[in-house]
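Worksheet: one structure, shown below.
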Amino acid sequence: MDTLSYKTISANKATANKEWLVVDAEGQSLGRLASKVAKLLRGKHKPNFTPHDDCGDNVIVINAEKVVLTGNKWNDKIYQRYTGYPGGLRETTAKQLFAKDATRLVESAVKGMLPKNKLGRKVIKNIRVYGGDTYEQVAQQPREINLNEFK
């Protein structure tokens, strides 16, 4: 029996084939969109997924201004940040954050679904979020992904 045929192949920076993907956020629920984009960023949809390395794709999210929040989440969902000073806890609702910058709502949702370590900080750099339907990465010839068909 040849034991070399049973070796597990781990993808690394040199063997990972990263590609550019375009995701349309129009009419998508924020949480479901973020979980599917996080899966694409990690590379969990690929057969050579390696949990300890960045083998995912670069993802472009367009139409972030047309994302949907269900129920009363526009007013009830609260984002907190701390200034670093005593009593410096600042809170903002999803509606206020969306009015200020619609792309930050999607970015923070995706960031929350990535690992909270060095790998997560490395992977979050592979996402580009745009409010409209135009994007700058046309030269990379990105492939469009339909999230309704993606599991």
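Residue names in the structure tokens use chain letters A, B, ... in the order shown, residue numbers from 1 in each chain, and ligand numbers from 1 in the order shown.
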
Long-range neighbours of Gln28 in chain A as a ChimeraX atom specification, 8 Å cut-off, only C-alpha atoms, 5 positions minimum in chain: /A:33,66-68

Selected residues written out with C-alpha atoms, as an mmCIF file, in the first residue's frame:
```
data_model
loop_
_atom_site.group_PDB
_atom_site.id
_atom_site.type_symbol
_atom_site.label_atom_id
_atom_site.label_comp_id
_atom_site.auth_asym_id
_atom_site.auth_seq_id
_atom_site.Cartn_x
_atom_site.Cartn_y
_atom_site.Cartn_z
ATOM 1 C CA LEU A 33 -24.906 38.391 3.249
ATOM 2 C CA LYS A 66 -29.472 48.587 -0.682
ATOM 3 C CA VAL A 67 -28.896 46.013 2.073
ATOM 4 C CA VAL A 68 -31.926 45.028 4.188
#
```

field: Secondary structure check, strand (DSSP E or B) residues of range 15-151 of chain A, as an MDAnalysis selection string
entry: chainID A and resid 20:24 29 58:62 68 78:82 89:93 127:129 143:145

- request: Assign secondary structure with DSSP using the backbone only, and return the residues of range 15-128 of chain A in alpha helix (DSSP H) as an MDAnalysis selection string.
  value: chainID A and resid 30:42 73:76 94:100 102:112 118:123

- prompt: Which polymer residues have any atom within 8 Å of an atom of Lys18 in chain A, counting only C-alpha atoms, with same-chain residues fewer than 5 positions away left out, as a VMD selection string?
  reply: chain A and resid 55 to 58

For range 5-77 of chain A against range 114-138 of chain A, with a cut-off of 10 Å and counting only C-alpha atoms, what is the closest atom pair and its distance in Å to one decimal for every residue that makes the cut, ordered by chain and number, as a tab-separated table?
```
residue	atom	partner	partner_atom	distance
A:Trp20	CA	A:Gln137	CA	8.8
A:Leu21	CA	A:Ile127	CA	9.7
A:Val22	CA	A:Arg128	CA	9.5
A:Val23	CA	A:Val129	CA	9.5
A:Asp24	CA	A:Asp133	CA	8.1
A:Ala25	CA	A:Gly131	CA	9.4
A:Glu26	CA	A:Asp133	CA	9.5
A:Ala34	CA	A:Leu114	CA	9.7
A:Ser35	CA	A:Leu114	CA	8.9
A:Val37	CA	A:Ile127	CA	8.8
A:Ala38	CA	A:Leu114	CA	6.3
A:Lys39	CA	A:Leu114	CA	8.6
A:Leu40	CA	A:Ile127	CA	9.9
A:Leu41	CA	A:Val123	CA	6.5
A:Arg42	CA	A:Val123	CA	6.9
A:Gly43	CA	A:Val123	CA	9.9
A:Pro51	CA	A:Leu119	CA	9.3
A:His52	CA	A:Leu119	CA	7.4
A:Asp53	CA	A:Leu119	CA	7.0
A:Asp54	CA	A:Val123	CA	6.4
A:Cys55	CA	A:Val123	CA	9.0
A:Gly56	CA	A:Val123	CA	7.9
A:Asp57	CA	A:Asn126	CA	7.3
A:Asn58	CA	A:Asn126	CA	4.8
A:Val59	CA	A:Ile127	CA	4.9
A:Ile60	CA	A:Arg128	CA	4.8
A:Val61	CA	A:Val129	CA	4.7
A:Ile62	CA	A:Tyr130	CA	4.9
A:Asn63	CA	A:Gly132	CA	4.6
A:Ala64	CA	A:Gly131	CA	4.6
A:Glu65	CA	A:Gly131	CA	5.0
A:Lys66	CA	A:Gly131	CA	8.0
A:Val67	CA	A:Gly131	CA	9.7
```

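Here CA of Leu89 in chain A is placed at a distance of 21.9 Å from CA of Ala102 in chain A.
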
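Residues lying within 7 Å of Ala109 in chain A, counting only C-alpha atoms and ignoring same-chain neighbours fewer than 3 positions away, are Gly31, Ala34, Leu105, Val106, Gly112 and Met113 of chain A.
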
query: Looking at only C-alpha atoms, which of A:Ala99, A:Lys36, A:Gly27, A:Pro47 is the one that sits closest to Ala11 in chain A?
result: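 Using only C-alpha atoms, the shortest distance to Ala11 in chain A belongs to A:Pro47.
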
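CA of Ser108 in chain A sits 21.0 Å away from CA of Ile145 in chain A.
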
Long-range neighbours of Ile78 in chain A as a ChimeraX atom specification, 7 Å cut-off, only C-alpha atoms, 4 positions minimum in chain: /A:91-94

Restricted to N, CA, C and O atoms, what would the selected residues look like written as a compact mmCIF listing (two decimals), in the first residue's frame?
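out.txt, freshly written:
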```txt
# COMPACT_ATOMS: atom_id res chain seq x y z
N GLU A 91 -22.06 54.96 21.62
CA GLU A 91 -23.01 54.06 21.00
C GLU A 91 -23.66 54.73 19.80
O GLU A 91 -23.93 55.92 19.82
N THR A 92 -23.91 53.95 18.77
CA THR A 92 -24.61 54.43 17.58
C THR A 92 -25.52 53.33 17.07
O THR A 92 -25.17 52.14 17.17
N THR A 93 -26.66 53.68 16.55
CA THR A 93 -27.59 52.69 16.02
C THR A 93 -27.23 52.36 14.58
O THR A 93 -26.43 53.06 13.95
N ALA A 94 -27.85 51.31 14.08
CA ALA A 94 -27.59 50.90 12.70
C ALA A 94 -28.06 51.97 11.72
O ALA A 94 -27.42 52.20 10.69
```

message: Here is a test: counting only C-alpha atoms, which residue of A:Lys95, A:Arg32, A:Trp74, A:Lys7 is nearest to Lys151 in chain A?
response: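 Among the listed residues, A:Arg32 lies closest to Lys151 in chain A.
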
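Note that CA of Ser10 in chain A and CA of Pro142 in chain A are 25.3 Å apart.
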